[in-house]
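Here is the file entry_33.tsv (TSV, C-alpha atoms).
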```
chain	number	residue	atom	x	y	z
A	1	MET	CA	0.00	0.00	0.00
A	2	TYR	CA	1.10	3.55	-0.67
A	3	THR	CA	1.69	6.19	1.99
A	4	VAL	CA	1.39	9.96	2.18
A	5	LYS	CA	5.18	10.03	1.89
A	6	ASP	CA	4.93	8.26	-1.51
A	7	ILE	CA	2.52	10.92	-2.80
A	8	TYR	CA	4.88	13.63	-1.55
A	9	ARG	CA	7.85	11.94	-3.26
A	10	TRP	CA	6.03	11.68	-6.58
A	11	LEU	CA	5.04	15.33	-6.43
A	12	ASP	CA	8.65	16.22	-5.67
A	13	GLU	CA	9.74	14.35	-8.79
A	14	TYR	CA	7.14	16.17	-10.92
A	15	ALA	CA	7.65	19.63	-9.40
A	16	PRO	CA	10.63	19.59	-7.01
A	17	PHE	CA	9.82	21.44	-3.80
A	18	ARG	CA	13.24	23.10	-3.91
A	19	TYR	CA	11.91	25.26	-6.78
A	20	ALA	CA	9.46	26.99	-4.43
A	21	GLN	CA	9.99	30.68	-3.73
A	22	SER	CA	11.70	31.48	-0.42
A	23	TRP	CA	8.54	33.13	0.96
A	24	ASP	CA	6.31	30.21	0.06
A	25	GLN	CA	4.97	27.34	2.17
A	26	CYS	CA	4.83	23.98	0.41
A	27	GLY	CA	4.92	20.30	1.27
A	28	LEU	CA	3.05	18.23	3.84
A	29	GLN	CA	1.08	20.78	5.86
A	30	VAL	CA	-1.29	18.56	7.84
A	31	GLY	CA	-0.88	14.87	8.59
A	32	ASP	CA	1.44	11.90	8.94
A	33	PRO	CA	3.89	10.95	6.16
A	34	GLN	CA	3.58	7.26	7.09
A	35	PHE	CA	-0.22	7.11	6.86
A	36	PRO	CA	-1.43	4.53	4.27
A	37	VAL	CA	-3.26	5.93	1.25
A	38	GLU	CA	-5.57	4.26	-1.26
A	39	ARG	CA	-7.46	7.29	-2.58
A	40	VAL	CA	-6.27	10.85	-3.32
A	41	LEU	CA	-8.22	14.01	-4.08
A	42	VAL	CA	-6.59	16.83	-6.09
A	43	ALA	CA	-7.87	20.42	-5.87
A	44	LEU	CA	-6.81	24.03	-6.31
A	45	ASP	CA	-7.76	25.22	-2.83
A	46	PRO	CA	-7.79	23.57	0.63
A	47	SER	CA	-11.25	24.90	1.44
A	48	SER	CA	-13.80	23.54	3.90
A	49	ALA	CA	-15.86	22.29	0.96
A	50	VAL	CA	-12.88	20.43	-0.51
A	51	ILE	CA	-12.04	18.88	2.88
A	52	ALA	CA	-15.66	17.72	3.12
A	53	GLU	CA	-15.53	16.24	-0.37
A	54	ALA	CA	-12.29	14.41	0.42
A	55	SER	CA	-13.91	12.93	3.53
A	56	GLU	CA	-17.08	11.94	1.69
A	57	ARG	CA	-15.06	10.21	-1.03
A	58	ASN	CA	-12.80	8.53	1.53
A	59	CYS	CA	-9.72	10.24	0.11
A	60	ARG	CA	-7.30	10.39	3.02
A	61	CYS	CA	-4.72	12.37	1.09
A	62	LEU	CA	-5.54	15.79	-0.38
A	63	VAL	CA	-3.18	17.47	-2.84
A	64	THR	CA	-3.77	21.18	-3.46
A	65	HIS	CA	-1.98	23.92	-5.33
A	66	HIS	CA	-2.62	26.65	-2.78
A	67	PRO	CA	-1.26	26.10	0.73
A	68	LEU	CA	-3.58	26.11	3.73
A	69	ILE	CA	-0.88	27.33	6.12
A	70	PHE	CA	0.81	30.34	4.56
A	71	GLN	CA	1.75	32.71	7.37
A	72	PRO	CA	3.32	31.51	10.66
A	73	LEU	CA	0.56	30.55	13.09
A	74	ARG	CA	0.42	32.01	16.60
A	75	ALA	CA	-2.40	29.64	17.49
A	76	VAL	CA	-4.65	27.01	15.93
A	77	ARG	CA	-8.13	28.20	16.85
A	78	LEU	CA	-10.92	26.02	15.57
A	79	ASP	CA	-13.37	28.91	15.28
A	80	VAL	CA	-11.41	31.02	12.76
A	81	PHE	CA	-9.59	30.38	9.47
A	82	PRO	CA	-7.19	28.67	8.89
A	83	GLY	CA	-7.46	26.81	12.19
A	84	SER	CA	-11.06	25.88	11.42
A	85	VAL	CA	-9.99	24.09	8.24
A	86	ILE	CA	-6.91	22.55	9.89
A	87	GLY	CA	-9.14	21.17	12.63
A	88	ARG	CA	-11.64	19.82	10.12
A	89	ALA	CA	-8.85	18.09	8.18
A	90	ILE	CA	-7.45	16.49	11.32
A	91	ARG	CA	-10.86	15.36	12.57
A	92	SER	CA	-11.63	13.89	9.13
A	93	GLY	CA	-8.26	12.14	8.90
A	94	ILE	CA	-7.23	14.15	5.83
A	95	HIS	CA	-3.50	14.52	5.13
A	96	LEU	CA	-2.79	17.68	3.14
A	97	ILE	CA	0.09	18.30	0.72
A	98	ALA	CA	0.50	21.68	-1.02
A	99	ALA	CA	2.52	22.16	-4.22
A	100	HIS	CA	2.48	25.90	-4.86
A	101	THR	CA	5.24	27.97	-6.49
A	102	ASN	CA	7.30	24.84	-7.08
A	103	LEU	CA	4.45	23.75	-9.36
A	104	ASP	CA	4.38	27.16	-11.06
A	105	ALA	CA	8.10	26.84	-11.83
A	106	ALA	CA	8.05	23.20	-12.90
A	107	LYS	CA	8.66	22.22	-16.51
A	108	LEU	CA	5.17	20.68	-16.78
A	109	GLY	CA	3.55	22.92	-14.19
A	110	THR	CA	0.86	25.58	-14.30
A	111	ASN	CA	2.59	27.92	-16.75
A	112	HIS	CA	3.35	25.07	-19.13
A	113	GLN	CA	-0.29	23.96	-19.06
A	114	LEU	CA	-1.53	27.47	-19.83
A	115	SER	CA	0.95	27.84	-22.70
A	116	GLU	CA	-0.21	24.51	-24.14
A	117	LEU	CA	-3.89	25.43	-23.94
A	118	LEU	CA	-3.20	28.68	-25.78
A	119	GLY	CA	-1.18	26.87	-28.46
A	120	LEU	CA	1.91	29.01	-27.93
A	121	GLN	CA	5.01	28.29	-29.99
A	122	ASN	CA	8.71	28.95	-29.27
A	123	VAL	CA	7.96	28.91	-25.55
A	124	GLN	CA	10.63	30.23	-23.18
A	125	PRO	CA	10.69	31.02	-19.44
A	126	LEU	CA	9.78	34.58	-18.58
A	127	GLU	CA	12.07	34.43	-15.54
A	128	SER	CA	14.45	31.70	-14.40
A	129	GLU	CA	16.89	31.17	-11.55
A	130	ASP	CA	20.45	30.31	-12.52
A	131	VAL	CA	20.78	27.70	-9.78
A	132	TRP	CA	18.01	25.55	-11.31
A	133	ARG	CA	18.25	26.45	-14.99
A	134	GLU	CA	19.98	23.27	-16.14
A	135	GLN	CA	17.73	20.90	-14.20
A	136	GLU	CA	15.40	18.74	-16.28
A	137	GLN	CA	12.21	19.44	-14.31
A	138	TYR	CA	12.71	23.22	-14.12
A	139	GLY	CA	10.74	25.50	-16.43
A	140	GLY	CA	11.04	28.91	-14.82
A	141	MET	CA	8.40	31.35	-13.65
A	142	GLY	CA	5.97	32.46	-16.34
A	143	ARG	CA	6.43	31.84	-20.05
A	144	THR	CA	6.77	33.81	-23.27
A	145	GLY	CA	5.72	32.50	-26.65
A	146	VAL	CA	4.19	33.21	-30.02
A	147	LEU	CA	0.61	32.65	-31.08
A	148	PRO	CA	0.16	30.41	-34.15
A	149	GLU	CA	-1.16	33.45	-36.02
A	150	SER	CA	-1.75	37.11	-35.42
A	151	MET	CA	-5.07	37.97	-33.77
A	152	THR	CA	-6.72	40.90	-32.08
A	153	VAL	CA	-6.54	41.49	-28.34
A	154	GLN	CA	-10.27	40.79	-28.18
A	155	ASP	CA	-9.75	37.48	-29.98
A	156	VAL	CA	-7.06	36.58	-27.43
A	157	MET	CA	-9.52	37.36	-24.66
A	158	LEU	CA	-12.17	35.16	-26.27
A	159	LEU	CA	-9.61	32.38	-26.74
A	160	CYS	CA	-8.79	32.53	-23.04
A	161	GLU	CA	-12.48	32.40	-22.15
A	162	ARG	CA	-12.94	29.31	-24.29
A	163	VAL	CA	-9.91	27.22	-23.33
A	164	LEU	CA	-10.06	28.12	-19.63
A	165	HIS	CA	-13.86	28.07	-19.31
A	166	ALA	CA	-13.39	31.48	-17.71
A	167	ARG	CA	-16.04	34.06	-16.90
A	168	GLY	CA	-15.57	37.72	-16.19
A	169	VAL	CA	-12.36	38.03	-18.22
A	170	ARG	CA	-10.98	41.58	-18.31
A	171	MET	CA	-9.01	43.27	-21.06
A	172	VAL	CA	-6.71	46.29	-21.09
A	173	GLY	CA	-5.81	47.93	-24.37
A	174	SER	CA	-7.39	48.44	-27.77
A	175	PRO	CA	-9.57	45.40	-28.60
A	176	ASP	CA	-8.78	45.69	-32.33
A	177	ARG	CA	-5.01	45.80	-31.94
A	178	GLN	CA	-3.22	42.93	-33.70
A	179	VAL	CA	-0.92	40.91	-31.41
A	180	ARG	CA	1.30	37.87	-31.84
A	181	THR	CA	3.81	37.62	-28.98
A	182	VAL	CA	2.54	36.64	-25.54
A	183	ALA	CA	3.67	36.36	-21.93
A	184	VAL	CA	1.74	34.27	-19.42
A	185	CYS	CA	1.91	33.94	-15.66
A	186	THR	CA	-0.60	31.83	-13.79
A	187	GLY	CA	-2.09	33.14	-10.56
A	188	SER	CA	-1.32	36.74	-9.61
A	189	GLY	CA	1.12	38.01	-12.22
A	190	GLY	CA	1.24	41.71	-11.42
A	191	GLY	CA	4.60	41.32	-9.70
A	192	MET	CA	6.14	40.28	-13.03
A	193	LEU	CA	4.77	43.23	-14.98
A	194	GLN	CA	8.15	44.93	-15.41
A	195	GLN	CA	9.76	41.73	-16.72
A	196	VAL	CA	6.90	41.43	-19.20
A	197	ILE	CA	7.29	45.03	-20.35
A	198	ASP	CA	11.05	44.52	-20.70
A	199	SER	CA	10.49	41.35	-22.77
A	200	GLY	CA	8.75	43.39	-25.46
A	201	VAL	CA	5.76	41.07	-25.95
A	202	ASP	CA	2.43	42.37	-27.25
A	203	VAL	CA	0.07	40.97	-24.61
A	204	PHE	CA	0.28	39.62	-21.06
A	205	ILE	CA	-2.17	36.94	-19.86
A	206	THR	CA	-2.45	36.48	-16.10
A	207	GLY	CA	-4.81	37.02	-13.14
A	208	ASP	CA	-5.49	39.41	-10.26
A	209	LEU	CA	-4.28	42.56	-11.98
A	210	LYS	CA	-4.75	45.88	-10.18
A	211	TYR	CA	-5.82	49.30	-11.39
A	212	HIS	CA	-2.37	50.90	-11.28
A	213	GLU	CA	-0.85	47.89	-13.05
A	214	ALA	CA	-3.40	48.37	-15.83
A	215	GLN	CA	-2.43	52.03	-16.12
A	216	ARG	CA	1.25	51.14	-16.17
A	217	ALA	CA	0.67	48.62	-18.97
A	218	LEU	CA	-1.22	51.21	-21.03
A	219	GLU	CA	1.65	53.64	-20.66
A	220	ALA	CA	4.06	50.95	-21.85
A	221	GLY	CA	1.90	49.92	-24.82
A	222	LEU	CA	1.27	46.46	-23.38
A	223	ALA	CA	-2.13	44.80	-23.75
A	224	LEU	CA	-3.43	42.78	-20.79
A	225	VAL	CA	-5.88	39.91	-20.46
A	226	ASP	CA	-6.87	39.17	-16.86
A	227	VAL	CA	-8.47	35.72	-16.75
A	228	GLY	CA	-8.75	35.63	-12.97
A	229	HIS	CA	-6.75	33.67	-10.42
A	230	PHE	CA	-9.00	30.61	-10.36
A	231	ALA	CA	-9.18	30.03	-14.12
A	232	SER	CA	-5.45	30.52	-14.61
A	233	GLU	CA	-4.52	27.79	-12.10
A	234	ARG	CA	-7.40	25.32	-11.83
A	235	LEU	CA	-6.06	23.93	-15.13
A	236	ILE	CA	-3.31	22.05	-13.24
A	237	VAL	CA	-5.73	19.74	-11.42
A	238	GLU	CA	-6.39	17.27	-14.25
A	239	PRO	CA	-2.70	16.92	-15.24
A	240	LEU	CA	-1.83	16.18	-11.59
A	241	VAL	CA	-4.64	13.62	-11.36
A	242	ASN	CA	-3.35	11.87	-14.48
A	243	TYR	CA	0.24	11.96	-13.26
A	244	LEU	CA	-0.55	10.50	-9.83
A	245	LYS	CA	-2.79	7.85	-11.38
A	246	ALA	CA	0.07	6.77	-13.64
A	247	ARG	CA	2.52	6.64	-10.72
A	248	GLY	CA	0.07	4.59	-8.68
A	249	GLN	CA	-0.27	1.72	-11.12
A	250	SER	CA	2.71	-0.31	-9.97
A	251	LYS	CA	1.03	-2.33	-7.21
A	252	ARG	CA	-1.72	-4.91	-7.25
A	253	LYS	CA	-4.28	-2.40	-5.98
A	254	PRO	CA	-3.79	0.80	-8.03
A	255	LEU	CA	-4.01	4.18	-6.37
A	256	GLN	CA	-7.34	5.91	-7.02
A	257	VAL	CA	-7.03	9.62	-7.78
A	258	PHE	CA	-9.86	12.09	-8.31
A	259	ALA	CA	-10.33	15.77	-9.22
A	260	ALA	CA	-12.40	17.77	-6.75
A	261	LYS	CA	-15.89	18.46	-8.10
A	262	CYS	CA	-17.03	21.12	-5.64
A	263	GLU	CA	-14.64	23.94	-6.58
A	264	ARG	CA	-16.02	27.11	-8.11
A	265	ASP	CA	-14.48	30.49	-8.91
A	266	PRO	CA	-15.58	32.75	-6.03
A	267	PHE	CA	-16.03	35.59	-8.55
A	268	ALA	CA	-18.18	33.52	-10.93
A	269	GLY	CA	-21.32	35.20	-9.65
A	270	HIS	CA	-20.13	38.44	-11.24
A	271	ALA	CA	-20.08	37.18	-14.81
A	272	GLY	CA	-19.59	39.57	-17.66
A	273	ILE	CA	-16.70	41.00	-19.60
A	274	TRP	CA	-15.18	44.29	-18.51
A	275	HIS	CA	-13.21	46.18	-21.15
A	276	TYR	CA	-10.71	48.90	-20.36
A	277	ARG	CA	-10.07	50.42	-23.75
A	278	GLU	CA	-7.65	53.03	-24.88
A	279	SER	CA	-9.31	56.24	-26.03
A	280	ASN	CA	-9.07	56.98	-29.73
```
For the file at hand, write its structure as structure tokens.
Amino acid sequence: MYTVKDIYRWLDEYAPFRYAQSWDQCGLQVGDPQFPVERVLVALDPSSAVIAEASERNCRCLVTHHPLIFQPLRAVRLDVFPGSVIGRAIRSGIHLIAAHTNLDAAKLGTNHQLSELLGLQNVQPLESEDVWREQEQYGGMGRTGVLPESMTVQDVMLLCERVLHARGVRMVGSPDRQVRTVAVCTGSGGGMLQQVIDSGVDVFITGDLKYHEAQRALEAGLALVDVGHFASERLIVEPLVNYLKARGQSKRKPLQVFAAKCERDPFAGHAGIWHYRESN
């Protein structure tokens, strides 16, 4: 039988935890590495609803992209977040592993998956660390690439809506402008805006962009497509499910791995496309 430690080891081979940013919290966050595992649930967020689904489906190991414990805890109170979710996980016997920025930086991680869905060609890392650059599983943070053909910014936005099943996508820049070169960063990509501007690409696809970042992009002549945090990263769940399933086929009783069904974009209730266009 497999253990939580086996799941952790397989994740480390797919997206080595050493690639995580220094400020990040990854790895086994709740549970016992020696606990036996037959069923695994994979999700974006370690929410109460996901913990409940894992318990209902008898998945004793939960793999998420976002960490439950991010800031140092002064106490674990069961009446406030995140202690309430930690307590629920422990009471339900759920062992939680988070693969966060290590998965963003992995060769086949979140940024690779987004680049693939968009059909980008000549893909390169937007940012990479010298210490990891020659390692096989390292892909760098963000990606740059070229669309198969030139299209308008509005067409890029509609492409993102379609391949990511995203709602409420936002656009910055002239919708009729023709673009070809692209930068992507899954999650909150505003912190990489200067690297994107310096790269000289036509359009930046990411999530969680702020007002002043939009203004800065307009000044630099950079188009933006904000697909939202959820849509830009939920795409990693199915590839992780398939990977863990494949790794769990070596014993007589294969590991069962499932994608969480309960997850929804918290902003989905505010559907609609918001355009921030340049004045003529």
Exercise. So, counting all atoms listed in the file, which residue among A:Tyr138, A:Phe70, A:Phe81, A:Phe267 is closest to Ala166 (chain A)?
Worked result: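 Of the candidates, the smallest distance to Ala166 (chain A) is held by A:Phe267.
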For this session: Go through A:Val182, A:Trp10, A:Asp79, A:Ser92 one by one, measure the shortest atom-to-atom distance of each to Val123 (chain A) using only C-alpha atoms, and give the residue with the smallest value.
Result: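 Ranking A:Val182, A:Trp10, A:Asp79, A:Ser92 by distance to Val123 (chain A), first place goes to A:Val182.
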Problem set entry | Nearest to Thr64 (chain A) by atom-to-atom distance, counting all atoms listed in the file, from A:Asp32, A:Glu263, A:Asp6, A:Glu38 |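 For Thr64 (chain A), the nearest of the given residues is A:Glu263.
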Exercise. Looking at A:Glu238, A:Gln249, A:His165, A:Asp155, which one is nearest to Val225 (chain A), with distances taken over all atoms listed in the file?
Worked result: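 Under the stated criterion, the closest residue is A:Asp155.
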For this session: May I ask which of the residues A:Glu134, A:Glu161, A:Asp198, A:Asp265 is the closest one to Val227 (chain A), counting only C-alpha atoms?
Result: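 Among the listed residues, A:Glu161 lies closest to Val227 (chain A).
Note that CA of Ile97 (chain A) and CA of Glu56 (chain A) are 18.3 Å apart.
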For this session: Just the residues within 10 Å of Ala268 (chain A), please, counting only C-alpha atoms, with nothing from its chain fewer than 6 positions along; format it as a PyMOL selection string.
Result: chain A and resi 166-168+228+230
